[in-house]
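Chemist: Pasting in a structure now, in structure tokens, and then I'll have a few things to ask.
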Amino acid sequence: MSHKRVPKRKIVFAGAGAAAVAAAAIILPNANASQDDKAEAAPKKVDAASAADIAAELASQLGEAFGGAYYDKDKQQVIVNVVGDNNNVNVQVKSAGAVARKVDNSTKALQTAAKTLKTKATIPGTSWSVDPKTNELRVTADSTVTGAKWDTLESTVKSLGDGMATLKKSAGEFKPFVAGGDAIFGGGARCSLGFNVTTDSGAPAFLTAGHCGVAAEQWSDSQNGAAIGTVQDATFPGDGDFALVTYDDANTEAPSTVNTGDQTVDIVGAGEATVGQQVQRMGSTTGLNDGSVTGLDATVNYPEGTVSGLIQTDVCAEPGDSGGPLFSADGQAIGLTSGGSGDCTSGGETFFQPVTTALDAVGAKIGDGGAADGGAADGSGAAGDGAGANGAGGAADNG
């Protein structure tokens with residue numbers, strides 16, 4: 001099948017970001033310490049991106065004593081959960097500039113509990129993620145989980161033991177955020193461009209939601225228009241919800257810039273999410289909304305199948321917001337909108353595909369690969385002129 005070439009164009013996308021939100025931390029003073037010792041033991045003040053790096057480093061160092069970590073925005077500190085009374089562990093945490101917090105559950109124990117849920121309670125309409133603030137698994141059932149399904153889920157959670165998991169009901173229904181949104185079009189579906197990237201061969205491309213990538217092979221920047229990109233890789237359901245689409249015109253300028261409507265933000269790289277981090281996303285249906293990361297390594301059992309390895313947030317979203325970018329104020333690409341429950345009136349849970357995982361899987365990097373003109377002064381939206389100030393955010397109408 002021949003592909004119609006399109007003229008050189010600038011491709012931008014929309015979204016917005018902010019830095020971090022907080023949880024309380026208690027630091028016990030050392031009455032016998034000298035002034036120098038106090039200065040050495042004082043936790044570092046860091047931003048959310050640095051908090052993720054510190055947490056990752058300590059996770060590798062502490063082994064089974066590590067029980068997760070989160071970010072305290074008010075004090076700009078990393079709070080690290082520690083299992084046991086090993087003073088050397090506490091010293092390691094303090095040496096890294098973080099605050100040690102004693103808990104009962106190690107990350108390994110929580111992961112084992114999550115495997116039990118996957119084995120015994122993979123029920124459509126359920127989800128679970130690790131919440132380091134409570135040091136438990138956060139298990140949620142949507143409105144479709146009733147009767148015997150609810151009984152199975154409830155008994156499985158109880159079997160994990162006290163203090164291992166909490167179970168709650170959601171008023172909505174877990175589903176990919178499919179439906180309207182001005183962005184990109186393919187096979188009767190309508191989706192949104194997430195982040196522009198460069199493939200390992202140097203070709204311009206973009207990331208979007210995986211449930212878009214499996215809905216159509218080719219995508220246009222206007223309904224019934226000429227194709228501008230072709231899907232090269234798509235995952236959904238399974239180990240993520242992401243797709244890589246390469247631009248058919250190798251000369252397409254795809255700057256690493258987001259347009260919030262009021263300003264443009266340079267995307268300088270991909271960052272890991274941290275629980276407690278405040279984030280914002282732009283969607284073509286609901287516009288700009290903010291919230292915080294509430295869980296990591298989330299598993300969601302959509303009607304279409306189970307998706308694992310997601311970021312859980314309390315950022316609202318609605319049909320049409322799927323595929324839109326989630327990122328931070330310092331220009332770190334964090335996630336791609338996958339799905340969830342609720343809406344922007346009543347709230348709900350929303351899940352995002354981590355950008356770092358998607359990049360590793362498809363062999364790409366954030367950025368335009370050195371495009372000559374990386375700006376977005378024209379204020380255009382996702383994939384050309386189709387999205388305007390609303391930008392990237394929609395997903396498939398029927399995908």
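Ligands are numbered from 1 in the order shown, residues from 1 within each chain, and chains are lettered A, B, ... in the order they appear in the structure tokens.
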If we count only C-alpha atoms and set the cut-off at 8 Å, which residues sit around A:Ser170, ignoring sequence neighbours fewer than 6 positions away in its own chain? Please answer as a VMD selection string.
Modeler: chain A and resid 140 to 143 341 348
Chemist: Going by DSSP on the backbone, which residues of stretch 18-240 of chain A come out as helix (DSSP H, G or I)? List them as a PyMOL selection string.
Modeler: chain A and resi 35-41+48-65+87-95+107-120+147-159+210-213
Chemist: Which one of A:Gly240, A:Gly188, A:Val157, A:Ala203 sits closest to A:Asn224 if you count only C-alpha atoms?
Modeler: A:Gly188
Chemist: Between atom CA of A:Gly213 and atom CA of A:Thr299, measure the distance and give it in Å to one decimal.
Modeler: 20.1 Å
Chemist: I'd like the neighbourhood of A:Thr107 as a count of residues only, where a residue qualifies if any of its atoms comes within 10 Å (using only C-alpha atoms), though same-chain residues fewer than 5 positions away should be ignored.
Modeler: 17
Chemist: Closest to A:Pro237 among A:Gln353, A:Thr345, A:Thr152, A:Asn251, using only C-alpha atoms?
Modeler: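 Of A:Gln353, A:Thr345, A:Thr152, A:Asn251, the one nearest A:Pro237 is A:Gln353, counting only C-alpha atoms.
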Chemist: From stretch 52-191 of chain A, collect each residue whose DSSP state is strand (DSSP E) and return the set as a PyMOL selection string.
Modeler: chain A and resi 66-72+77-83+99-103+126-131+136-141+165-169+175-176+184-186+189-191
Chemist: So which one's closest to A:Leu110, A:Thr230, A:Ala298, A:Val197, A:Ala215? Using only C-alpha atoms, please.
Modeler: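 Checking each of A:Thr230, A:Ala298, A:Val197, A:Ala215 against A:Leu110, counting only C-alpha atoms, the winner is A:Ala298.
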Chemist: What is the atom CA of A:Ala227-atom CA of A:Gly320 distance in Å, reported with one decimal?
Modeler: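 Between atom CA of A:Ala227 and atom CA of A:Gly320 the gap works out to 20.8 Å.
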Chemist: For A:Gly229, list every protein, DNA or RNA residue within 9 Å, evaluated using only C-alpha atoms, and leave out those in the same chain fewer than 2 positions away; present the list as a list in words.
Modeler: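 Selected residues are Ala205, Phe206, Glu217, Gln218, Trp219, Ser220, Ala227, Val231, Val245, Thr246, Tyr247, Asp248 and Asp249 of chain A.
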Chemist: Output N, CA, C and O atoms of each residue in that selection to a file, as a compact mmCIF listing (two decimals), in the first residue's frame.
Modeler:
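Result went into out_18.txt, see below:
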```txt
# COMPACT_ATOMS: atom_id res chain seq x y z
N ALA A 205 9.19 10.32 15.52
CA ALA A 205 8.06 9.48 15.87
C ALA A 205 7.35 10.07 17.07
O ALA A 205 7.77 11.10 17.62
N PHE A 206 6.26 9.42 17.50
CA PHE A 206 5.60 9.85 18.72
C PHE A 206 5.05 8.65 19.47
O PHE A 206 4.81 7.58 18.90
N GLU A 217 -3.61 1.00 12.08
CA GLU A 217 -2.19 0.95 11.73
C GLU A 217 -1.66 2.31 11.31
O GLU A 217 -0.51 2.65 11.58
N GLN A 218 -2.49 3.13 10.65
CA GLN A 218 -2.05 4.43 10.16
C GLN A 218 -2.89 5.54 10.78
O GLN A 218 -4.08 5.35 11.06
N TRP A 219 -2.23 6.70 10.95
CA TRP A 219 -2.88 7.83 11.62
C TRP A 219 -2.71 9.11 10.83
O TRP A 219 -1.67 9.33 10.21
N SER A 220 -3.74 9.93 10.88
CA SER A 220 -3.74 11.21 10.17
C SER A 220 -3.93 12.34 11.17
O SER A 220 -4.41 12.12 12.29
N ALA A 227 -2.51 9.96 5.62
CA ALA A 227 -1.77 9.42 6.75
C ALA A 227 -0.48 10.20 6.97
O ALA A 227 0.20 10.58 6.01
N VAL A 231 1.96 2.89 12.74
CA VAL A 231 2.27 2.20 14.00
C VAL A 231 3.38 1.18 13.76
O VAL A 231 3.31 0.35 12.86
N VAL A 245 4.53 5.38 16.98
CA VAL A 245 4.10 5.69 15.62
C VAL A 245 5.19 6.53 14.97
O VAL A 245 5.54 7.60 15.48
N THR A 246 5.75 6.06 13.87
CA THR A 246 6.76 6.84 13.16
C THR A 246 6.10 7.71 12.10
O THR A 246 5.12 7.30 11.46
N TYR A 247 6.62 8.92 11.92
CA TYR A 247 6.10 9.82 10.89
C TYR A 247 6.50 9.29 9.52
O TYR A 247 7.65 8.90 9.30
N ASP A 248 5.55 9.28 8.58
CA ASP A 248 5.82 8.79 7.24
C ASP A 248 6.81 9.68 6.48
O ASP A 248 7.56 9.21 5.63
N ASP A 249 6.80 10.96 6.78
CA ASP A 249 7.75 11.89 6.17
C ASP A 249 8.95 12.02 7.11
O ASP A 249 8.84 12.56 8.21
```
Chemist: For the atom pair atom CA of A:Lys168 and atom CA of A:Thr357, what is the interatomic distance in Å to one decimal place?
Modeler: 28.4 Å
